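Enquirer: Before I ask anything, let me first share the structure, which is written out below as structure tokens.
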Amino acid sequence: MGVIEETDVEQVTLALLDAANDKDAVVQEQVRKSILTLGNQQPDKVLSMCQDYLVKHSKLVAGHRVVVLQTIELVVKSKIDDISYPKIKSIISLASDEMTRSKEVSAEWQQAASNILVAVGNKYINDIMEEILSKFQPGVLPHFFVVQTLASLSDSNVYGMVPFLSAILGTMLPMLGMAKQDNMKWVFSSALYRFSESILEYLANLDKAPDPTVRKDTFSGEIYAAYDILFNSWLQSREPKLRLTVAEALGSMSHLMAHDKLEEQLPKLVPTVLGLYKKNPEHYIVSKSLCQVLDASVNMGSRVLETQMDSLLSALHQQVCSPMDFNNPPTIKNHNEVLRCFTILANTFPDRLMVFVLQRLENSNERNRMGSLAVLRHLINSTTSIMETKKLLILASIRQPLVDHSNKVKKRVVQVISAMAHHGYLELEGGDLLVRFIIQHCALPDTYYRPTDPEEVTNEALRSMCDNTLHLFTTTVGRLTDVLWPMLLCYLTPSQYSNATTPLCKSLILLANKKRAAQEPNFIIDFTAPGECHTLTHRGTRELMMSPMNLTHKFTPSACLCVLLLKSVSYFMVYLKFLSKTLVAIDDGQWSCQLAVEATRYLPTYNNSLEEKSFLYKCIGMTLQQCTSKELVRKQLQEVLVSARHNDATERAGVAMGIGLCASSHLDGTLTKLEEFGKSDAFKKASGIFGLLKDKNDVEVEKIKSTLILCYGYVALNAPEDQLLNRLDNDILRSISKHFNTKVKTQGYPSFQLNSLSLIQSVGLIAKAINTCVRKQGYLFSRKQELCVFPFSVIKRIALYTDTFSALHELLRNVLARDLSPDGLQSVFKHIEGWLSSRQDHERERVALFSLFCLVKNLVTFHNLGALLGRLAPRCTDPNPGVRRAAIDCIYVLLHIQLRYEGFSLDYKDDSVEGLLTVREKLNDPDHSIISKRLPQQQLNTLIFMLFEGLVDSQSNCSRASSVVLNTLLKNRGAGLQDLVPEMLEVLHNRLQVIGEEQVKVAVAQSILILATQHLQTVITTLISYPLPFDSWSCEMWTALGADSTVARQIMEMIVEKLNVIAPFVDKKEFMLKPGMTKVATSQPLAMTCALREMMMNGNTEEAVISLFPQLFSALLVRMGSSVGVQLPKDINSNSIGADRKASGKTIAVNFDVCGVAVEALRILLARAHLDAVVKVLDQDSAWDKMKDSQQHTAGVTLLSRAMAKHAGPRLPMIVESLCPSLNNIYECQRITVTAFFSENDEIRCASIMLLGNLSKFGSGEPVFKDQIHNVLVSLLLHLSDPNAQVVKVSACKYAMRVCAPVVGSEQITAMFQNHLHEEKGLHYGEFINDLIKYIVSNLGQISLLVCYWLTNVLIKCLCNIHTFPCKSFCNLFLYPTRSHF
């Protein structure tokens, strides 16, 4: 760009400044860029114009001023070296004035001015500081953006700012106490964080610093003084943003504190930072601060940190187990910061940390195990030297996650194994198991469904990951070469690794090429040598056949290419030829016999892979060709014929081909064996009295005959040419004629359906064999006419059958044509729909095709779309390809009809509907959301209930498809089905009782969870109303609700809230003639307790349980207290849902216990919260049984209290806070339980009394709180004589009474408490109580009556206990003057 004249610059700049207020942000940006272009040529001129523009237009709107200021900043940043010093000074003055002109904070405007000062400060720091410090004077609270600018300068110009920071901190400290508003506290905290970071950077780079004499202790005093205010005051703010900024500052400041000060603060600082996790939903800043505190502590060699390890590890592990959201970067940052914390701790406490992590690996909870694996992987990578001595321990501990069923866990395991590979773990003992794990998961089958959970790891994804990992092992981890070679060769043959052939061979090729290029001696592998792979005939024989190059004693890598080629294109004939040549090359008849025996032994393992099993039959036949033992050949042929599943056409063909191949070398023996088998017991039928005891029915016999007919055809095809013609008439054709039977009828179909195809195939094979022979020798084919008759008769029968089926089509079409309406279609469809779920493939296929025929020929509008789709949708995944195609075509037509019904034209094409045509071609993963999109709302109900029927379809593929469609519908359309929720839940409950497919059960659980996410209150209300005790299927439904931690938490909160307000029992007179009342349980709280118990059985509730542990523990403890000695009502299920499944009173009485439910729920709660040590102690002391016994209940609760104090101390304060309200509960049994939990535990009593004192600070003056203090006054006075000094003196009772004194309502009592109740002073208990009573009686009026009432009850209980002498003395002291007054 050429030089612009000065006048032009003025005009253009002025025009641009006028345009800077455009509403379009794009225009504003372009204005800034244009002025910057001018400023790059004439910076002083452009800056002067901008400055003059702001001065002349003092009333510019804020947005306009911001753009101009931003433009100045751009020019300054770009041309700072070319701007004159006078202009710099004027720009500083302008920006400072703009920034502080308004005392109120105007973020965008003042931030723009601040940015200019920061830009200038990068070069002219002294001038900037002169201006800023003039507005940062001692004793005066500065402007918000003055502090903000200082903070920003410390970021952008570390070496320029740090020399000023000591003075700045000295001026700032008094200001901290003056800051009352949260925004000022925030900016000071932010500044302290950035100051600390700048100082740390300066100290870390002293070689570059202008003053290398600066030391940390230069700032330690000011930093600690600021720390004291931030930690003890500001960190307690209710504003989350301020709390996080303070925490961030404390983290950085900890590095600058004197070692003794930091050591002194750590016991308070670490627990406080950990507590912020619960107070803030955003955890990244908390983890970052914690990481800095730990780093500072470890660097100074803290001894206190070890005492915090339990709480640290627990909190950090909970964080690392939290799911990461890759669309939410802070969650990723938090995860990384937490891992850094583990690294820091590993450097100081390696043994303790490793024990913790490896113990957590034993927990089978998915999230727990994933987090532990993430930590383990990080430690392996980041603390290599420390982990060196723990390699064998890690190798031993990683075995348990190897068997986890979760793909998410397996993904983390693969990542850990990858890290271990790079650090020398896999060469050690046990490393081979990890290699095997990778290969096993290279062989995973496809999942064949689209995951609904974005975090879910499909088999395909996990398999791809393992493929890549194996490739990396081969190419980048050189130390593994001798581990993988020849180990990988051993995985080529076992059947379970067949799907891993491709990645295995790729790696073997790479390894072999590497070995060959280096001319390493172990390139050639001798499989007969000790220590190598087992003899191949003892390995997976089928894969041996599939990989014939392994049959040689020497393995060459070029053979791997052959495997890849053959595996991909399925050239079975090429395999067979290769096998044949290999067997000839080996030329060992005994070895071939052994191979044939092993191959035959493996046949049953491939019953679910018929194509592969069929190929194995051929391989067996090819191997038998080389066998020298005729007896063994006959024995193996017998084994093949007897064990074959003759009802499957694919297997019949494989058997026939294998026997035919064997006949090429053993024709006589093969024909003899076929004849013997044709006369054997295999053809025995209808034996026993009156034919009631049958060995085989007619159908089975005909299928065996069909196999034999086909065998003779392949024998003829493979027989030696010089022997075939002599054996053809008497042995082959005669036997075929004998076995072809046309008289038997089976299931309504003629028998020729079973063996006619075999006959036709055999005739064709014989003809082909004869054609080859007669070219070389003369032969008169006398039975030619007879052979031709059979096929022609079959053809006629098939034609008749086809005509019959067409006639049926025409009949039903005519019936439908008479009533071409929705009802007419339904009347026809109802007669055939039952066949859609038939177990016979041909029946389902024909009905599906007929349904399509009816729909295509008779396009009508209808109101029963839902019912039809409900029947057809599951068939889209039918194992029969013909049924699948027909079902998709039917749905395509149905949706087209619906489009017409909605008013669209005949030629209208809907993208989602047309997509079905693409699906039809794939037939693997149909998109069920199409139905959800196109189905009218009024048809939805019918479809859903039809899909419920489909959950128990005879075809497992279809039942799974029904569950997938159902869940897709519920997710997309379930929000509008609230009225149907109770009915749907009842149907799902019934279906659970008959579903056998595990995957479908899982899907039903998902259905319940989906309904809960949409209609939580309705789902809970419905399930709570199910009969008690819950049957196993109701329990499964409740357990399903625990699968989602968010839903589980919501339900738990609802249950806890209800348990706290609903009456746990009612008093009823059981016998009219006997005195006394009986406590009878109310059904709803009982059902809720059962529900809570079942939900917590799901491991995924762990997160919810831990977050709500104090509330859950308190609710269940109180519930247990109100259940002791409570009877079940005789009409417990009078108001429940499902009258047909209500348990009888007798059954309930035997198997159901009110208190037992609460105790069991409490036990599960403790286990789910990882308090196994508490559970173990209670088990050993039989505490659970004692808690259920009304005579030993308090003793059992006491044992619970002691165990919690010993093994769960940090959780007690929150539990105490939750339990305290129950001390004033109207139910005495609940008060007794809570009191028993408190009274026998010094720590709990101390914590609860301290809590009461702290709460009184916030409740003074409120009548409700004053009543509470009056109610607990007697308890406090009793505890003044507590045998534990901690409770009385050091921190609890005296403190609480002094703090509560103003709330009591008497100046004399307040003065008395303040004067006499000091921790360091002694107390004459009798005189104190005597004086206090006089004040209560004279000053508090009716309150003394309440106190007297409480004391009377206390005294009665004390008289029953010889250990409560101080309590009795107190009561006597109190009651005597009180009685005299009244």
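By convention here, the chains of the structure tokens are called A, B, ... in the order presented, each chain's residues are numbered starting at 1, and ligands are numbered starting at 1 in the order presented.
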As an NGL selection string, please: the residues near Thr1022 (chain A) (cut-off 12 Å, only C-alpha atoms, same-chain neighbours under 6 positions excluded).
Expert: :A and (978-986 or 989 or 1008 or 1011-1012 or 1015-1016 or 1034 or 1037-1038 or 1084 or 1087-1088 or 1091 or 1135-1138)
Enquirer: Leaving out region 1110-1125 of chain A and any residue of its chain fewer than 2 positions from it, which residues lie within 6 Å of it when counting only C-alpha atoms, given as a list in words?
Expert: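 Once the nearby chain positions are removed, what remains is Leu1108, Val1154, Cys1155, Ala1158, Lys1188, Ser1190, Met1214, Ile1215, Leu1219, Cys1229, Gln1230 and Thr1233 of chain A.
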Enquirer: What is the CA of Leu1332 (chain A)-CA of Met1250 (chain A) distance in Å, reported with one decimal?
Expert: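 Taking CA of Leu1332 (chain A) and CA of Met1250 (chain A), their separation equals 21.8 Å.
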Enquirer: Pro604 (chain A): which residues within 9 Å, counting only C-alpha atoms, same-chain residues fewer than 6 positions away excluded, as a ChimeraX atom specification?
Expert: /A:613,643-644
Enquirer: Go ahead and save the residues from that selection, with N, CA and C atoms, as a tab-separated table (two decimals), in the first residue's frame.
Expert:
chain	number	residue	atom	x	y	z
A	613	LYS	N	-17.96	-74.66	9.85
A	613	LYS	CA	-18.03	-76.09	10.17
A	613	LYS	C	-18.08	-76.92	8.88
A	643	SER	N	-22.28	-87.70	14.37
A	643	SER	CA	-22.34	-86.44	15.10
A	643	SER	C	-22.93	-85.29	14.29
A	644	ALA	N	-23.06	-85.49	12.98
A	644	ALA	CA	-23.55	-84.39	12.13
A	644	ALA	C	-24.99	-84.02	12.49
Enquirer: For Lys635 (chain A), list every protein, DNA or RNA residue within 10 Å, evaluated using only C-alpha atoms, and leave out those in the same chain fewer than 6 positions away; present the list as a PyMOL selection string.
Expert: chain A and resi 597+629+673
Enquirer: With only C-alpha atoms as the counted atoms, please give the residues lying no more than 9 Å from Leu765 (chain A), apart from itself and same-chain residues fewer than 5 positions off, as a PDB file with all heavy atoms, in the first residue's frame.
Expert:
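After the write, part-v7.pdb holds the following:
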ATOM      1  N   GLY A 713     -23.486 -88.824  -4.203  1.00  0.00           N
ATOM      2  CA  GLY A 713     -23.182 -87.974  -5.350  1.00  0.00           C
ATOM      3  C   GLY A 713     -21.748 -87.471  -5.314  1.00  0.00           C
ATOM      4  O   GLY A 713     -21.039 -87.502  -6.332  1.00  0.00           O
ATOM      5  N   TYR A 714     -21.282 -87.002  -4.133  1.00  0.00           N
ATOM      6  CA  TYR A 714     -19.912 -86.506  -4.036  1.00  0.00           C
ATOM      7  C   TYR A 714     -18.886 -87.629  -4.079  1.00  0.00           C
ATOM      8  O   TYR A 714     -17.744 -87.430  -4.513  1.00  0.00           O
ATOM      9  CB  TYR A 714     -19.747 -85.660  -2.779  1.00  0.00           C
ATOM     10  CG  TYR A 714     -20.260 -84.254  -2.952  1.00  0.00           C
ATOM     11  CD1 TYR A 714     -21.484 -83.865  -2.428  1.00  0.00           C
ATOM     12  CD2 TYR A 714     -19.523 -83.322  -3.679  1.00  0.00           C
ATOM     13  CE1 TYR A 714     -21.965 -82.572  -2.608  1.00  0.00           C
ATOM     14  CE2 TYR A 714     -19.996 -82.027  -3.862  1.00  0.00           C
ATOM     15  CZ  TYR A 714     -21.216 -81.659  -3.322  1.00  0.00           C
ATOM     16  OH  TYR A 714     -21.683 -80.379  -3.508  1.00  0.00           O
ATOM     17  N   ALA A 716     -19.227 -90.249  -5.997  1.00  0.00           N
ATOM     18  CA  ALA A 716     -19.097 -90.483  -7.432  1.00  0.00           C
ATOM     19  C   ALA A 716     -18.208 -89.421  -8.080  1.00  0.00           C
ATOM     20  O   ALA A 716     -17.366 -89.727  -8.936  1.00  0.00           O
ATOM     21  CB  ALA A 716     -20.476 -90.487  -8.081  1.00  0.00           C
ATOM     22  N   LEU A 717     -18.388 -88.184  -7.674  1.00  0.00           N
ATOM     23  CA  LEU A 717     -17.623 -87.090  -8.286  1.00  0.00           C
ATOM     24  C   LEU A 717     -16.134 -87.213  -8.001  1.00  0.00           C
ATOM     25  O   LEU A 717     -15.302 -86.914  -8.879  1.00  0.00           O
ATOM     26  CB  LEU A 717     -18.128 -85.748  -7.749  1.00  0.00           C
ATOM     27  CG  LEU A 717     -17.438 -84.507  -8.309  1.00  0.00           C
ATOM     28  CD1 LEU A 717     -17.718 -84.365  -9.807  1.00  0.00           C
ATOM     29  CD2 LEU A 717     -17.912 -83.268  -7.586  1.00  0.00           C
ATOM     30  N   ILE A 760     -31.506 -84.334  -6.734  1.00  0.00           N
ATOM     31  CA  ILE A 760     -31.181 -83.608  -7.968  1.00  0.00           C
ATOM     32  C   ILE A 760     -29.692 -83.275  -7.996  1.00  0.00           C
ATOM     33  O   ILE A 760     -29.034 -83.423  -9.044  1.00  0.00           O
ATOM     34  CB  ILE A 760     -32.030 -82.326  -8.058  1.00  0.00           C
ATOM     35  CG1 ILE A 760     -33.505 -82.702  -8.217  1.00  0.00           C
ATOM     36  CG2 ILE A 760     -31.575 -81.444  -9.199  1.00  0.00           C
ATOM     37  CD1 ILE A 760     -34.445 -81.525  -8.126  1.00  0.00           C
ATOM     38  N   ILE A 770     -19.625 -89.280 -14.701  1.00  0.00           N
ATOM     39  CA  ILE A 770     -19.714 -90.243 -15.799  1.00  0.00           C
ATOM     40  C   ILE A 770     -19.207 -89.605 -17.089  1.00  0.00           C
ATOM     41  O   ILE A 770     -18.493 -90.228 -17.882  1.00  0.00           O
ATOM     42  CB  ILE A 770     -21.165 -90.737 -15.965  1.00  0.00           C
ATOM     43  CG1 ILE A 770     -21.562 -91.582 -14.741  1.00  0.00           C
ATOM     44  CG2 ILE A 770     -21.327 -91.527 -17.252  1.00  0.00           C
ATOM     45  CD1 ILE A 770     -23.010 -92.004 -14.760  1.00  0.00           C
TER      46      ILE A 770
END
Enquirer: Write out, as a tab-separated table, each residue of region 291-345 of chain A that has an atom at most 10 Å from region 257-279 of chain A, together with the closest pair of atoms and their distance in Å to one decimal, counting only C-alpha atoms, rows going by chain and rising number.
Expert:
residue	atom	partner	partner_atom	distance
A:Val293	CA	A:Val270	CA	7.8
A:Leu294	CA	A:Val270	CA	8.5
A:Ala296	CA	A:Leu262	CA	8.6
A:Ser297	CA	A:Leu262	CA	7.6
A:Asn299	CA	A:His259	CA	9.8
A:Met300	CA	A:His259	CA	6.6
A:Gly301	CA	A:His259	CA	9.1
A:Ser302	CA	A:Glu263	CA	6.4
A:Arg303	CA	A:Glu263	CA	7.9
A:Val304	CA	A:Glu263	CA	6.7
A:Leu305	CA	A:Leu266	CA	7.2
A:Thr307	CA	A:Pro267	CA	8.2
A:Gln308	CA	A:Pro267	CA	7.4
A:Met309	CA	A:Val270	CA	9.9
A:Ser311	CA	A:Pro271	CA	7.7
A:Leu312	CA	A:Leu274	CA	7.5
A:Ser314	CA	A:Leu274	CA	10.0
A:Ala315	CA	A:Leu274	CA	6.8
A:Leu316	CA	A:Leu274	CA	8.7
A:Gln319	CA	A:Tyr277	CA	8.7
Enquirer: Figure out the distance between CA of Ala1167 (chain A) and CA of Leu313 (chain A), please, to one decimal in Å.
Expert: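 Computing the Euclidean distance for CA of Leu313 (chain A) and CA of Ala1167 (chain A) yields 18.4 Å.
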Enquirer: Taking 6 positions as the minimum chain separation for residues in the same chain, which residues sit within 12 Å of Phe231 (chain A) when counting only C-alpha atoms? Answer as a ChimeraX atom specification.
Expert: /A:189,223-225,237,242-251,253-254,265-266,268-270,272-273
Enquirer: Restricting it to N, CA and C atoms, dump the selection as a short mmCIF file (atom, residue, chain, number, x, y, z; two decimals), in the first residue's frame.
Expert:
data_model
loop_
_atom_site.label_atom_id
_atom_site.label_comp_id
_atom_site.auth_asym_id
_atom_site.auth_seq_id
_atom_site.Cartn_x
_atom_site.Cartn_y
_atom_site.Cartn_z
N SER A 189 -8.37 -10.95 44.96
CA SER A 189 -7.96 -12.37 44.95
C SER A 189 -7.32 -12.72 43.61
N ILE A 223 2.67 -12.09 51.67
CA ILE A 223 1.83 -13.16 51.13
C ILE A 223 1.09 -13.88 52.25
N TYR A 224 1.77 -14.16 53.36
CA TYR A 224 1.10 -14.86 54.46
C TYR A 224 0.00 -13.99 55.07
N ALA A 225 0.26 -12.69 55.19
CA ALA A 225 -0.77 -11.80 55.75
C ALA A 225 -2.01 -11.79 54.86
N SER A 237 -17.15 -17.27 51.63
CA SER A 237 -18.21 -16.54 50.91
C SER A 237 -19.22 -17.49 50.29
N LEU A 242 -16.36 -16.16 43.62
CA LEU A 242 -15.36 -15.62 44.53
C LEU A 242 -14.61 -16.75 45.22
N ARG A 243 -15.36 -17.77 45.68
CA ARG A 243 -14.71 -18.89 46.36
C ARG A 243 -13.64 -19.53 45.46
N LEU A 244 -13.98 -19.73 44.19
CA LEU A 244 -13.04 -20.38 43.29
C LEU A 244 -11.81 -19.51 43.05
N THR A 245 -12.02 -18.20 42.90
CA THR A 245 -10.88 -17.31 42.67
C THR A 245 -9.98 -17.26 43.90
N VAL A 246 -10.57 -17.23 45.07
CA VAL A 246 -9.78 -17.26 46.30
C VAL A 246 -8.98 -18.56 46.37
N ALA A 247 -9.64 -19.68 46.05
CA ALA A 247 -8.95 -20.97 46.08
C ALA A 247 -7.78 -20.99 45.11
N GLU A 248 -8.01 -20.42 43.92
CA GLU A 248 -6.94 -20.36 42.93
C GLU A 248 -5.76 -19.54 43.45
N ALA A 249 -6.06 -18.42 44.11
CA ALA A 249 -5.00 -17.58 44.66
C ALA A 249 -4.24 -18.31 45.76
N LEU A 250 -4.96 -19.00 46.63
CA LEU A 250 -4.31 -19.71 47.74
C LEU A 250 -3.34 -20.76 47.22
N GLY A 251 -3.70 -21.41 46.12
CA GLY A 251 -2.82 -22.41 45.55
C GLY A 251 -1.48 -21.83 45.16
N MET A 253 -0.23 -18.88 46.13
CA MET A 253 0.41 -18.23 47.28
C MET A 253 1.13 -19.23 48.18
N SER A 254 0.66 -20.47 48.18
CA SER A 254 1.28 -21.47 49.06
C SER A 254 2.75 -21.67 48.73
N GLN A 265 -0.31 -24.35 58.45
CA GLN A 265 -1.64 -24.19 57.86
C GLN A 265 -2.16 -25.44 57.16
N LEU A 266 -1.26 -26.35 56.79
CA LEU A 266 -1.69 -27.51 56.00
C LEU A 266 -2.83 -28.31 56.63
N LYS A 268 -5.34 -27.40 58.12
CA LYS A 268 -6.61 -26.71 57.86
C LYS A 268 -6.81 -26.46 56.37
N LEU A 269 -5.73 -26.16 55.68
CA LEU A 269 -5.83 -25.78 54.27
C LEU A 269 -6.28 -26.94 53.39
N VAL A 270 -5.67 -28.11 53.56
CA VAL A 270 -6.00 -29.24 52.68
C VAL A 270 -7.46 -29.67 52.84
N THR A 272 -9.96 -27.93 53.80
CA THR A 272 -10.84 -26.86 53.30
C THR A 272 -10.91 -26.88 51.79
N VAL A 273 -9.76 -27.04 51.13
CA VAL A 273 -9.76 -27.10 49.67
C VAL A 273 -10.54 -28.32 49.20
#
Enquirer: As an exercise, work out the distance from CA of Pro330 (chain A) to CA of Val66 (chain A) in Å and give it to one decimal place.
Expert: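 Interatomic distance here is 29.9 Å.
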Enquirer: Give me every strand (DSSP E) residue in region 947-1151 of chain A, going by DSSP on the backbone, as number ranges by chain.
Expert: A: 1065-1068, 1078-1081
